[in-house]
$ cat target35.csv   # CSV, C-alpha atoms and all ligand atoms
chain,number,residue,atom,x,y,z
F,1,MET,CA,-0.5,-1.8,-27.3
F,2,LEU,CA,-3.4,-1.0,-25.0
F,3,THR,CA,-4.3,2.3,-23.3
F,4,VAL,CA,-5.6,2.3,-19.7
F,5,ASN,CA,-6.3,5.5,-17.8
F,6,GLN,CA,-4.5,7.6,-20.4
F,7,ARG,CA,-1.3,5.5,-20.3
F,8,SER,CA,-0.2,3.1,-23.0
F,9,TYR,CA,1.2,-0.4,-22.3
F,10,ARG,CA,2.7,-3.1,-24.4
F,11,ALA,CA,1.7,-6.7,-23.9
F,12,PRO,CA,4.5,-8.7,-22.3
F,13,THR,CA,6.8,-10.9,-24.3
F,14,GLN,CA,8.1,-12.6,-21.1
F,15,PRO,CA,6.2,-13.4,-17.9
F,16,THR,CA,6.0,-10.2,-15.9
F,17,VAL,CA,5.6,-10.0,-12.2
F,18,VAL,CA,5.0,-6.8,-10.2
F,19,VAL,CA,5.5,-7.2,-6.5
F,20,CYS,CA,4.1,-4.7,-3.9
F,21,VAL,CA,6.0,-5.3,-0.7
F,22,ASP,CA,3.7,-3.7,2.0
F,23,GLY,CA,5.5,-1.1,4.1
F,24,CYS,CA,8.9,-1.6,2.5
F,25,GLU,CA,10.8,1.5,3.5
F,26,PRO,CA,13.9,1.5,1.1
F,27,ASP,CA,16.2,1.1,4.1
F,28,TYR,CA,14.9,-2.5,4.7
F,29,LEU,CA,16.4,-3.5,1.4
F,30,GLY,CA,19.6,-1.5,1.9
F,31,GLN,CA,20.2,-3.1,5.4
F,32,ALA,CA,19.3,-6.6,4.2
F,33,VAL,CA,21.5,-6.4,1.1
F,34,ALA,CA,24.4,-5.0,3.1
F,35,GLY,CA,24.0,-7.8,5.6
F,36,GLY,CA,24.2,-10.4,2.9
F,37,HIS,CA,20.5,-11.5,3.3
F,38,MET,CA,19.4,-10.7,-0.2
F,39,PRO,CA,21.8,-12.1,-2.8
F,40,TRP,CA,19.1,-12.0,-5.6
F,41,LEU,CA,18.4,-8.3,-4.9
F,42,LYS,CA,22.1,-7.4,-4.8
F,43,ARG,CA,22.5,-8.9,-8.3
F,44,ALA,CA,19.2,-7.3,-9.6
F,45,LEU,CA,20.5,-3.9,-8.5
F,46,ALA,CA,23.8,-4.4,-10.1
F,47,GLU,CA,22.5,-5.8,-13.4
F,48,GLY,CA,19.1,-4.2,-13.5
F,49,THR,CA,17.7,-0.9,-12.2
F,50,GLY,CA,17.2,0.4,-8.6
F,51,LEU,CA,15.2,3.6,-8.2
F,52,VAL,CA,13.5,5.3,-5.2
F,53,ALA,CA,10.0,6.4,-6.1
F,54,ASP,CA,7.2,8.4,-4.4
F,55,CYS,CA,4.1,6.6,-3.3
F,56,VAL,CA,0.7,8.2,-3.0
F,57,VAL,CA,-0.2,10.2,0.1
F,58,PRO,CA,-2.0,9.1,2.2
F,59,SER,CA,0.7,6.5,2.4
F,60,PHE,CA,-1.7,3.7,3.1
F,61,THR,CA,-2.2,0.2,1.6
F,62,ASN,CA,-5.4,0.4,-0.5
F,63,PRO,CA,-4.8,3.8,-2.3
F,64,ASN,CA,-1.4,2.7,-3.3
F,65,ASN,CA,-2.2,-0.8,-4.4
F,66,LEU,CA,-5.0,0.6,-6.5
F,67,SER,CA,-2.6,3.2,-7.9
F,68,ILE,CA,-0.1,0.5,-8.9
F,69,VAL,CA,-2.7,-1.6,-10.8
F,70,THR,CA,-4.4,1.4,-12.5
F,71,GLY,CA,-1.2,3.4,-13.2
F,72,ALA,CA,-3.0,6.4,-11.8
F,73,PRO,CA,-3.4,8.5,-8.6
F,74,PRO,CA,-6.4,8.4,-6.4
F,75,SER,CA,-8.0,11.4,-8.1
F,76,VAL,CA,-8.5,9.0,-11.0
F,77,HIS,CA,-9.3,5.6,-9.3
F,78,GLY,CA,-11.2,7.1,-6.3
F,79,ILE,CA,-9.7,4.9,-3.5
F,80,CYS,CA,-8.2,7.4,-1.1
F,81,GLY,CA,-8.1,5.3,2.1
F,82,ASN,CA,-8.9,2.0,3.7
F,83,TYR,CA,-11.8,3.8,5.4
F,84,LEU,CA,-14.2,6.6,4.5
F,85,TYR,CA,-17.0,8.8,5.7
F,86,ASP,CA,-19.7,8.2,3.2
F,87,THR,CA,-21.5,11.6,3.1
F,88,ALA,CA,-24.4,10.1,1.1
F,89,SER,CA,-25.4,7.8,3.9
F,90,GLY,CA,-23.9,9.6,6.8
F,91,THR,CA,-21.9,6.5,7.9
F,92,GLU,CA,-18.3,5.5,8.2
F,93,VAL,CA,-17.5,2.6,6.0
F,94,MET,CA,-14.7,0.4,4.8
F,95,MET,CA,-13.5,1.2,1.3
F,96,ASN,CA,-13.1,-2.4,0.2
F,97,ASP,CA,-16.1,-2.5,-2.0
F,98,PRO,CA,-15.4,-2.1,-5.8
F,99,LYS,CA,-18.4,0.3,-5.9
F,100,TRP,CA,-15.9,3.0,-4.8
F,101,LEU,CA,-13.6,2.4,-7.8
F,102,ARG,CA,-13.7,5.0,-10.5
F,103,ALA,CA,-11.3,3.6,-13.0
F,104,PRO,CA,-10.5,0.2,-14.6
F,105,SER,CA,-7.4,-1.6,-13.7
F,106,LEU,CA,-4.5,-2.5,-16.1
F,107,LEU,CA,-4.9,-6.1,-14.9
F,108,ALA,CA,-8.4,-6.3,-16.2
F,109,ALA,CA,-7.4,-4.6,-19.4
F,110,LEU,CA,-4.5,-7.0,-20.0
F,111,ALA,CA,-6.8,-10.0,-19.4
F,112,ASP,CA,-9.3,-8.5,-21.8
F,113,ALA,CA,-6.5,-8.2,-24.4
F,114,GLY,CA,-5.8,-11.9,-24.1
F,115,CYS,CA,-3.1,-12.1,-21.4
F,116,SER,CA,-3.4,-14.7,-18.7
F,117,VAL,CA,-3.3,-12.8,-15.4
F,118,ALA,CA,-2.9,-13.9,-11.8
F,119,VAL,CA,-3.2,-11.8,-8.6
F,120,VAL,CA,-2.2,-13.0,-5.1
F,121,THR,CA,-2.7,-10.7,-2.1
F,122,ALA,CA,-2.1,-11.4,1.6
F,123,LYS,CA,-5.2,-10.0,3.1
F,124,ASP,CA,-8.6,-10.6,1.6
F,125,LYS,CA,-9.6,-6.9,2.0
F,126,LEU,CA,-7.8,-6.1,-1.2
F,127,ARG,CA,-8.8,-9.0,-3.3
F,128,ALA,CA,-12.2,-7.6,-4.6
F,129,LEU,CA,-10.7,-4.2,-5.5
F,130,LEU,CA,-7.6,-5.7,-7.2
F,131,GLY,CA,-9.6,-8.3,-9.1
F,132,HIS,CA,-12.5,-6.1,-10.1
F,133,GLY,CA,-13.6,-6.7,-13.7
F,134,MET,CA,-10.7,-9.1,-14.2
F,135,LYS,CA,-10.8,-12.5,-15.9
F,136,GLY,CA,-8.2,-14.7,-14.4
F,137,ILE,CA,-6.8,-15.9,-11.1
F,138,CYS,CA,-7.3,-13.7,-8.0
F,139,PHE,CA,-7.1,-14.9,-4.4
F,140,SER,CA,-5.8,-14.0,-0.9
F,141,SER,CA,-3.5,-16.0,1.4
F,142,GLU,CA,-6.0,-15.3,4.1
F,143,LYS,CA,-8.8,-17.2,2.4
F,144,ALA,CA,-6.7,-19.5,0.2
F,145,ASP,CA,-8.7,-22.5,1.4
F,146,GLN,CA,-12.0,-21.0,0.2
F,147,CYS,CA,-11.2,-20.4,-3.4
F,148,THR,CA,-13.8,-21.2,-6.0
F,149,GLU,CA,-13.5,-21.3,-9.8
F,150,ALA,CA,-16.3,-18.7,-10.0
F,151,VAL,CA,-14.9,-16.1,-7.6
F,152,ASN,CA,-11.2,-16.8,-7.7
F,153,GLY,CA,-10.6,-18.5,-11.1
F,154,ILE,CA,-8.8,-21.3,-9.3
F,155,THR,CA,-9.3,-24.1,-6.8
F,156,GLY,CA,-6.9,-26.3,-4.8
F,157,VAL,CA,-4.6,-23.5,-3.8
F,158,VAL,CA,-3.6,-25.0,-0.5
F,159,ALA,CA,-2.6,-28.2,-2.1
F,160,LEU,CA,-0.8,-26.3,-4.9
F,161,VAL,CA,1.2,-24.2,-2.5
F,162,GLY,CA,1.8,-27.1,0.0
F,163,LYS,CA,1.5,-24.8,3.0
F,164,PRO,CA,-1.4,-24.4,5.5
F,165,VAL,CA,-3.4,-21.2,5.5
F,166,PRO,CA,-1.5,-18.8,7.7
F,167,SER,CA,-2.7,-16.6,10.6
F,168,VAL,CA,-3.7,-13.1,9.4
F,169,TYR,CA,-1.2,-11.7,11.9
F,170,SER,CA,2.0,-13.4,10.7
F,171,ALA,CA,4.9,-13.2,8.4
F,172,ASP,CA,3.6,-16.5,6.9
F,173,LEU,CA,0.7,-14.6,5.3
F,174,SER,CA,3.2,-12.8,3.1
F,175,GLU,CA,5.4,-15.9,2.5
F,176,PHE,CA,2.3,-17.7,1.3
F,177,VAL,CA,1.9,-15.0,-1.4
F,178,PHE,CA,5.4,-15.5,-2.7
F,179,ALA,CA,5.2,-19.3,-2.5
F,180,ALA,CA,1.9,-19.2,-4.4
F,181,GLY,CA,3.4,-16.9,-7.0
F,182,VAL,CA,6.3,-19.3,-7.6
F,183,LYS,CA,4.0,-22.3,-7.9
F,184,LEU,CA,1.6,-20.5,-10.3
F,185,MET,CA,4.6,-19.5,-12.4
F,186,GLN,CA,5.9,-23.1,-12.5
F,187,THR,CA,2.5,-24.7,-13.3
F,188,ARG,CA,0.5,-22.1,-15.3
F,189,ARG,CA,3.1,-19.5,-16.4
F,190,PRO,CA,0.8,-16.5,-16.4
F,191,ASP,CA,1.7,-13.6,-18.7
F,192,VAL,CA,1.2,-11.1,-15.9
F,193,MET,CA,1.2,-11.6,-12.1
F,194,TYR,CA,0.7,-9.1,-9.3
F,195,LEU,CA,1.8,-10.1,-5.8
F,196,SER,CA,0.9,-8.0,-2.8
F,197,THR,CA,2.0,-8.7,0.8
F,198,THR,CA,1.1,-7.4,4.3
F,199,ASP,CA,3.2,-5.2,6.5
F,200,TYR,CA,2.9,-7.2,9.7
F,201,ILE,CA,6.7,-7.5,9.9
F,202,GLN,CA,7.4,-3.9,9.0
F,203,HIS,CA,5.0,-2.6,11.7
F,204,LYS,CA,7.1,-4.5,14.3
F,205,HIS,CA,10.7,-4.7,13.1
F,206,ALA,CA,12.9,-1.8,12.0
F,207,PRO,CA,15.3,-2.1,9.0
F,208,GLY,CA,18.4,-4.1,9.7
F,209,THR,CA,16.9,-6.0,12.7
F,210,ALA,CA,16.9,-9.8,12.8
F,211,GLY,CA,13.2,-10.0,12.3
F,212,ALA,CA,13.2,-7.8,9.3
F,213,ASN,CA,16.3,-9.4,7.7
F,214,ALA,CA,14.7,-12.9,8.0
F,215,PHE,CA,11.6,-11.7,6.2
F,216,TYR,CA,13.7,-10.1,3.4
F,217,ALA,CA,15.9,-13.2,3.1
F,218,MET,CA,12.7,-15.3,2.7
F,219,MET,CA,11.4,-12.9,0.0
F,220,ASP,CA,14.7,-12.9,-1.8
F,221,GLY,CA,14.7,-16.6,-2.2
F,222,TYR,CA,11.3,-16.6,-3.9
F,223,LEU,CA,12.2,-13.7,-6.1
F,224,GLY,CA,15.3,-15.5,-7.2
F,225,GLU,CA,13.1,-18.5,-8.2
F,226,LEU,CA,10.9,-16.2,-10.3
F,227,ASP,CA,13.9,-14.7,-11.9
F,228,ARG,CA,15.3,-18.2,-12.8
F,229,LEU,CA,11.9,-18.9,-14.4
F,230,GLY,CA,12.6,-16.1,-16.8
F,231,CYS,CA,10.3,-13.4,-15.3
F,232,VAL,CA,10.7,-9.7,-15.6
F,233,ILE,CA,10.3,-8.5,-12.0
F,234,ALA,CA,9.4,-5.0,-10.8
F,235,LEU,CA,9.4,-4.6,-7.1
F,236,THR,CA,7.9,-1.7,-5.3
F,237,ALA,CA,6.0,-0.8,-2.1
F,238,ASP,CA,2.7,0.7,-1.2
F,239,HIS,CA,4.4,3.0,1.4
F,240,GLY,CA,7.3,3.3,3.7
F,241,MET,CA,7.3,2.8,7.5
F,242,ASN,CA,8.7,4.8,10.4
F,243,ALA,CA,8.9,4.6,14.2
F,244,LYS,CA,6.2,6.8,15.6
F,245,VAL,CA,7.2,7.1,19.2
F,246,GLY,CA,8.6,9.7,21.5
F,247,MET,CA,11.9,9.3,23.4
F,248,ASP,CA,10.0,7.4,26.1
F,249,GLY,CA,9.1,4.7,23.6
F,250,ARG,CA,5.3,5.6,23.8
F,251,PRO,CA,3.3,6.5,20.7
F,252,ASP,CA,3.5,10.2,20.0
F,253,VAL,CA,-0.2,11.0,19.2
F,254,ILE,CA,-2.1,14.1,18.3
F,255,TYR,CA,-5.7,13.3,19.4
F,256,LEU,CA,-7.4,15.4,16.8
F,257,GLN,CA,-11.1,14.6,17.7
F,258,ASP,CA,-10.3,15.7,21.3
F,259,TRP,CA,-8.8,18.9,19.8
F,260,PHE,CA,-11.9,19.6,17.8
F,261,ASP,CA,-14.3,18.7,20.6
F,262,ALA,CA,-12.6,21.2,22.9
F,263,ARG,CA,-12.7,23.8,20.2
F,264,LEU,CA,-16.2,23.4,18.6
F,265,GLY,CA,-18.0,21.2,21.1
F,266,PRO,CA,-18.4,17.4,21.4
F,267,ALA,CA,-18.7,15.6,18.1
F,268,ALA,CA,-19.3,18.8,16.2
F,269,ALA,CA,-16.5,18.0,13.8
F,270,ARG,CA,-15.8,14.5,12.6
F,271,VAL,CA,-12.2,13.2,12.4
F,272,ILE,CA,-11.7,10.2,10.1
F,273,LEU,CA,-8.6,8.1,10.1
F,274,PRO,CA,-8.4,6.4,6.8
F,275,ILE,CA,-5.8,3.8,8.1
F,276,THR,CA,-8.7,2.2,10.1
F,277,ASP,CA,-9.3,-1.4,9.1
F,278,PRO,CA,-10.4,-4.6,10.8
F,279,TYR,CA,-6.8,-5.6,11.5
F,280,VAL,CA,-5.7,-2.8,13.9
F,281,VAL,CA,-3.8,-4.8,16.5
F,282,HIS,CA,-0.4,-3.9,15.1
F,283,HIS,CA,-0.9,-0.2,14.7
F,284,GLY,CA,-3.8,0.7,17.0
F,285,ALA,CA,-5.4,2.5,14.0
F,286,LEU,CA,-2.8,5.2,14.4
F,287,GLY,CA,-1.2,6.7,11.3
F,288,SER,CA,0.1,10.1,10.1
F,289,PHE,CA,-3.0,11.1,8.1
F,290,ALA,CA,-6.5,12.3,8.9
F,291,THR,CA,-9.4,14.0,7.2
F,292,VAL,CA,-11.9,16.2,9.0
F,293,TYR,CA,-15.5,17.0,8.3
F,294,LEU,CA,-16.5,20.4,9.8
F,295,PRO,CA,-20.0,21.3,11.0
F,296,ALA,CA,-22.0,23.8,8.9
F,297,GLY,CA,-20.9,27.4,9.6
F,298,VAL,CA,-17.3,26.5,10.5
F,299,SER,CA,-14.8,27.4,7.8
F,300,ALA,CA,-11.6,25.5,7.2
F,301,ALA,CA,-9.8,28.8,7.2
F,302,SER,CA,-10.9,29.5,10.8
F,303,VAL,CA,-9.1,26.4,12.2
F,304,ILE,CA,-6.2,25.7,9.8
F,305,GLY,CA,-3.8,28.2,11.3
F,306,ASP,CA,-4.1,26.7,14.8
F,307,LEU,CA,-3.9,23.2,13.4
F,308,ARG,CA,-0.7,24.0,11.6
F,309,ALA,CA,0.8,25.3,14.9
F,310,LEU,CA,0.3,22.0,16.7
F,311,ARG,CA,3.5,20.3,17.6
F,312,GLY,CA,4.2,17.3,15.3
F,313,MET,CA,1.9,18.5,12.5
F,314,GLU,CA,3.6,18.6,9.1
F,315,ALA,CA,0.9,19.8,6.7
F,316,VAL,CA,-2.7,21.0,7.0
F,317,LEU,CA,-4.6,21.7,3.8
F,318,ASP,CA,-8.1,22.5,2.9
F,319,ARG,CA,-10.1,20.3,0.6
F,320,ALA,CA,-9.0,21.9,-2.7
F,321,GLY,CA,-5.4,22.3,-1.6
F,322,ALA,CA,-5.1,18.6,-0.5
F,323,ALA,CA,-6.8,17.3,-3.6
F,324,GLU,CA,-4.4,19.2,-5.8
F,325,ARG,CA,-1.2,18.5,-3.8
F,326,PHE,CA,-1.8,14.8,-3.2
F,327,GLU,CA,-4.0,14.0,-6.3
F,328,LEU,CA,-7.0,12.9,-4.3
F,329,PRO,CA,-10.7,12.8,-5.1
F,330,ALA,CA,-12.0,16.1,-3.6
F,331,ASP,CA,-15.4,14.7,-2.8
F,332,ARG,CA,-14.0,12.0,-0.5
F,333,ILE,CA,-11.5,13.8,1.8
F,334,GLY,CA,-13.6,16.0,4.0
F,335,ASP,CA,-13.0,19.7,4.6
F,336,ILE,CA,-9.5,19.5,5.9
F,337,VAL,CA,-6.6,17.1,5.5
F,338,CYS,CA,-4.0,16.8,8.3
F,339,VAL,CA,-0.6,15.1,7.9
F,340,SER,CA,1.7,14.6,10.9
F,341,GLU,CA,5.5,14.5,11.0
F,342,ARG,CA,7.8,11.5,10.9
F,343,PHE,CA,7.7,10.6,14.6
F,344,THR,CA,4.0,11.6,15.2
F,345,VAL,CA,0.7,10.0,14.5
F,346,ILE,CA,-2.9,11.3,14.5
F,347,GLY,CA,-5.6,9.7,16.6
F,348,THR,CA,-9.3,10.5,17.2
F,349,SER,CA,-9.9,10.6,21.0
F,350,ALA,CA,-7.5,9.2,23.5
F,351,SER,CA,-10.4,7.0,24.8
F,352,ARG,CA,-11.0,5.4,21.4
F,353,HIS,CA,-7.6,4.0,20.8
F,354,ASP,CA,-6.7,0.7,22.5
F,355,LEU,CA,-2.9,0.6,22.5
F,356,SER,CA,-2.8,-2.5,24.7
F,357,GLY,CA,-2.3,-4.7,21.6
F,358,LEU,CA,1.0,-3.0,20.8
F,359,ASP,CA,3.7,-5.4,21.8
F,360,ALA,CA,6.5,-3.3,20.3
F,361,PRO,CA,7.1,0.4,20.0
F,362,LEU,CA,4.7,1.8,17.4
F,363,ARG,CA,5.8,1.9,13.8
F,364,SER,CA,3.3,3.2,11.3
F,365,HIS,CA,2.8,5.2,8.1
F,366,GLY,CA,0.3,7.4,6.3
F,367,GLY,CA,2.3,10.6,6.0
F,368,ILE,CA,4.6,12.4,3.6
F,369,SER,CA,7.5,11.0,5.7
F,370,GLU,CA,6.6,7.5,4.4
F,371,GLN,CA,6.4,8.5,0.8
F,372,LYS,CA,9.7,7.1,-0.4
F,373,VAL,CA,9.6,3.5,-1.7
F,374,PRO,CA,11.8,1.2,-3.7
F,375,LEU,CA,11.2,0.7,-7.4
F,376,VAL,CA,13.5,-2.1,-8.6
F,377,VAL,CA,13.5,-3.9,-11.9
F,378,ASN,CA,15.6,-6.9,-12.6
F,379,ARG,CA,16.5,-5.6,-16.1
F,380,PRO,CA,18.4,-2.5,-17.3
F,381,LEU,CA,16.0,0.2,-18.5
F,382,PRO,CA,17.8,1.9,-21.4
F,383,GLY,CA,16.5,5.4,-22.2
F,384,ILE,CA,15.0,6.0,-18.8
F,385,ASP,CA,15.9,9.4,-17.3
F,386,ARG,CA,16.8,8.5,-13.7
F,387,ASN,CA,16.5,12.1,-12.6
F,388,ARG,CA,12.8,12.3,-13.2
F,389,ARG,CA,10.3,11.8,-10.5
F,390,PHE,CA,9.2,8.1,-10.3
F,391,ARG,CA,6.0,6.9,-8.7
F,392,ASN,CA,5.3,3.4,-7.4
F,393,PHE,CA,2.5,3.4,-9.9
F,394,ASP,CA,5.0,3.5,-12.8
F,395,ALA,CA,5.9,-0.1,-12.0
F,396,PHE,CA,3.8,-1.6,-14.8
F,397,ASP,CA,5.0,1.0,-17.2
F,398,LEU,CA,8.7,0.2,-16.5
F,399,ALA,CA,8.1,-3.5,-16.6
F,400,LEU,CA,6.0,-3.7,-19.7
F,401,ASN,CA,7.3,-0.8,-21.8
F,402,HIS,CA,11.0,-0.6,-20.9
F,403,ALA,CA,12.1,-4.0,-19.5
F,404,GLN,CA,11.0,-6.6,-22.0
J,1,ZN,ZN,0.5,-1.1,3.4
J,2,ZN,ZN,0.3,-0.8,7.8
$ encode --input "target35.csv" --output "structure tokens" --more "lines below"
Ligand code: ZN
Ligand code: ZN
Amino acid sequence: MLTVNQRSYRAPTQPTVVVCVDGCEPDYLGQAVAGGHMPWLKRALAEGTGLVADCVVPSFTNPNNLSIVTGAPPSVHGICGNYLYDTASGTEVMMNDPKWLRAPSLLAALADAGCSVAVVTAKDKLRALLGHGMKGICFSSEKADQCTEAVNGITGVVALVGKPVPSVYSADLSEFVFAAGVKLMQTRRPDVMYLSTTDYIQHKHAPGTAGANAFYAMMDGYLGELDRLGCVIALTADHGMNAKVGMDGRPDVIYLQDWFDARLGPAAARVILPITDPYVVHHGALGSFATVYLPAGVSAASVIGDLRALRGMEAVLDRAGAAERFELPADRIGDIVCVSERFTVIGTSASRHDLSGLDAPLRSHGGISEQKVPLVVNRPLPGIDRNRRFRNFDAFDLALNHAQ
């Protein structure tokens, strides 16, 4: 038994795999199962456990992946976005550096306790955070050809997987994660494995479409192989995904920096979009969550009422209110947190978003409307109260403490 971030876990008696399917709105699974594209999942739901859980808001990749591997909300682990305004240096920075982490991961603790641990992630931006302080294997599909024993705990990944390193904008980037997971399980049989994909497909293809079903059929095949290898599998998602367009098919955007510039003067307030990352082609850096840093002398209370009245805005909270409601680190979320509705996204200034890369109607995430995610375990979970609130960061608890 080991305790990490105030939760206790048993060491696994069977190889245990937690899978985070990026952007997996539960409806993707429902549509794919109904269409006959996921025979493994259909059986896992019948013989195991299928729950719908809440992810962390902001419903973005980094905060939720870190919640899953720490078993805790961002108020504990500190990662509240992909992108942050660093008040100490007065600069806007990516939050990929482990220096932002405030809590140890369960993966590191399991490795310290003697378990063999392997982590495979699609994009390299998550690798350093997920593998921080962890002895074992940790690499990304994106840089699978650059693995070293010192950094990644493994070499020869491309030969092991038998596939070329995929483009960062492709479904193959996620397939490589699953293929690597199966090969690692066949050859090294780690005690614990964490697989994390990318939402390239989900940003483009709605549930039930041919593009989505093909992705989920691919995934189902690999999960079936892991199941046949005797693995306990817990499948969840970092966040859901929704269409974010008006009836004209164009992105429905609240340009929040423009709103503040008109109200308080140019660049007086600073709007931060924590979805921002180097790979913006598929969402134009538009999501349903923003934080705002106000200039000295302007109170949150003086603008919150008018922000709440904006069409398409779902919730506007001051720092303390947002930290409490969404379990966020209060020192990293600015003075105001804004969350837009299901069909609406928040941008900075109209002139700063290049939407020319969008080759399909915008689908994105970040809001409360993308909080529902699947939580599936390929084992029955006796004694679990299905009526309680489940979080995606309960995945390791269910897999290690209830499914073995
Ligand atoms: Zn994601
Ligand atoms: Zn995304």
$ closest_residue --input "target35.csv" --among "F:Ile254, F:Val69, F:Ala113, F:Ile154" --to "Leu126 of chain F" --atoms "only C-alpha atoms"
F:Val69
$ residues_near_point --input "target35.csv" --point "(20.2, -16.7, -15.6)" --cutoff "12 Å" --atoms "all atoms listed in the file" --output "list in words"
Trp40, Arg43, Ala44, Glu47, Gly224, Glu225, Leu226, Asp227, Arg228, Leu229, Gly230, Cys231, Val232, Asn378 and Arg379 of chain F
$ residues_around --input "target35.csv" --residues "Asp318 of chain F" --least-positions-apart "5" --cutoff "7 Å" --atoms "only C-alpha atoms" --output "list in words"
Ala300, Asp335, Ile336 and Val337 of chain F
$ write_last_selection --input "target35.csv" --atoms "C-alpha atoms" --output "short mmCIF file (atom, residue, chain, number, x, y, z; two decimals), keeping the file's coordinate frame"
data_model
loop_
_atom_site.label_atom_id
_atom_site.label_comp_id
_atom_site.auth_asym_id
_atom_site.auth_seq_id
_atom_site.Cartn_x
_atom_site.Cartn_y
_atom_site.Cartn_z
CA ALA F 300 -11.60 25.50 7.20
CA ASP F 335 -13.00 19.70 4.60
CA ILE F 336 -9.50 19.50 5.90
CA VAL F 337 -6.60 17.10 5.50
#
$ closest_residue --input "target35.csv" --among "F:Gly162, F:Gly367, F:Pro26, F:Gly208" --to "ligand ZN 2 (chain J)" --atoms "only C-alpha atoms and all ligand atoms"
F:Gly367
$ residues_near_ligand --input "target35.csv" --ligand "ligand ZN 1 (chain J)" --cutoff "7 Å" --atoms "all atoms listed in the file" --output "list in words"
Asp22, Gly23, Phe60, Thr61, Thr198, Asp199, Asp238 and His239 of chain F
$ residues_near_point --input "target35.csv" --point "(7.7, -7.0, 11.0)" --cutoff "12 Å" --atoms "all atoms listed in the file" --output "VMD selection string"
chain F and resid 21 to 25 28 169 to 174 197 to 216 241 to 242 282 to 283 359 to 364
$ residues_around --input "target35.csv" --residues "Arg188 of chain F" --least-positions-apart "4" --cutoff "12 Å" --atoms "all atoms listed in the file" --output "list in words"
Pro15, Ser116, Val117, Ala118, Gly136, Ile137, Ile154, Leu160, Ala180, Gly181, Val182, Lys183, Leu184, Val192, Met193 and Leu229 of chain F
$ residues_around --input "target35.csv" --residues "Ala46 of chain F" --least-positions-apart "5" --cutoff "12 Å" --atoms "all atoms listed in the file" --output "PDB file with C-alpha atoms, in the coordinates of the input"
ATOM      1  CA  VAL F  33      21.500  -6.400   1.100  1.00  0.00           C
ATOM      2  CA  PRO F  39      21.800 -12.100  -2.800  1.00  0.00           C
ATOM      3  CA  TRP F  40      19.100 -12.000  -5.600  1.00  0.00           C
ATOM      4  CA  LEU F  41      18.400  -8.300  -4.900  1.00  0.00           C
ATOM      5  CA  LEU F  51      15.200   3.600  -8.200  1.00  0.00           C
ATOM      6  CA  VAL F 376      13.500  -2.100  -8.600  1.00  0.00           C
ATOM      7  CA  VAL F 377      13.500  -3.900 -11.900  1.00  0.00           C
ATOM      8  CA  ASN F 378      15.600  -6.900 -12.600  1.00  0.00           C
ATOM      9  CA  ARG F 379      16.500  -5.600 -16.100  1.00  0.00           C
ATOM     10  CA  PRO F 380      18.400  -2.500 -17.300  1.00  0.00           C
TER      11      PRO F 380
END
$ residues_around --input "target35.csv" --residues "Asn82 of chain F" --least-positions-apart "2" --cutoff "9 Å" --atoms "all atoms listed in the file" --output "PyMOL selection string"
chain F and resi 60-63+79-80+84+93-96+273-277
$ closest_residue --input "target35.csv" --among "F:Asn64, F:Ser140, F:Thr236, F:Gln14" --to "ligand ZN 2 (chain J)" --atoms "all atoms listed in the file"
F:Asn64
$ closest_residue --input "target35.csv" --among "F:Leu256, F:Met38, F:Ala88, F:Ala285" --to "ligand ZN 2 (chain J)" --atoms "all atoms listed in the file"
F:Ala285
$ atom_distance --input "target35.csv" --atom1 "atom CA of Thr344 of chain F" --atom2 "atom CA of Ala122 of chain F"
27.4 Å
$ closest_residue --input "target35.csv" --among "F:Ala179, F:Val292, F:Phe260, F:Pro329" --to "Thr121 of chain F" --atoms "all atoms listed in the file"
F:Ala179
$ closest_residue --input "target35.csv" --among "F:Leu286, F:Ile233, F:Leu129, F:Cys138" --to "ligand ZN 2 (chain J)" --atoms "all atoms listed in the file"
F:Leu286
$ residues_around --input "target35.csv" --residues "Val253 of chain F" --least-positions-apart "6" --cutoff "12 Å" --atoms "only C-alpha atoms" --output "ChimeraX atom specification"
/F:244-246,259,284-289,310-313,340-350,353,355,362,364
$ atom_distance --input "target35.csv" --atom1 "atom CA of Arg270 of chain F" --atom2 "atom CA of Tyr293 of chain F"
5.0 Å
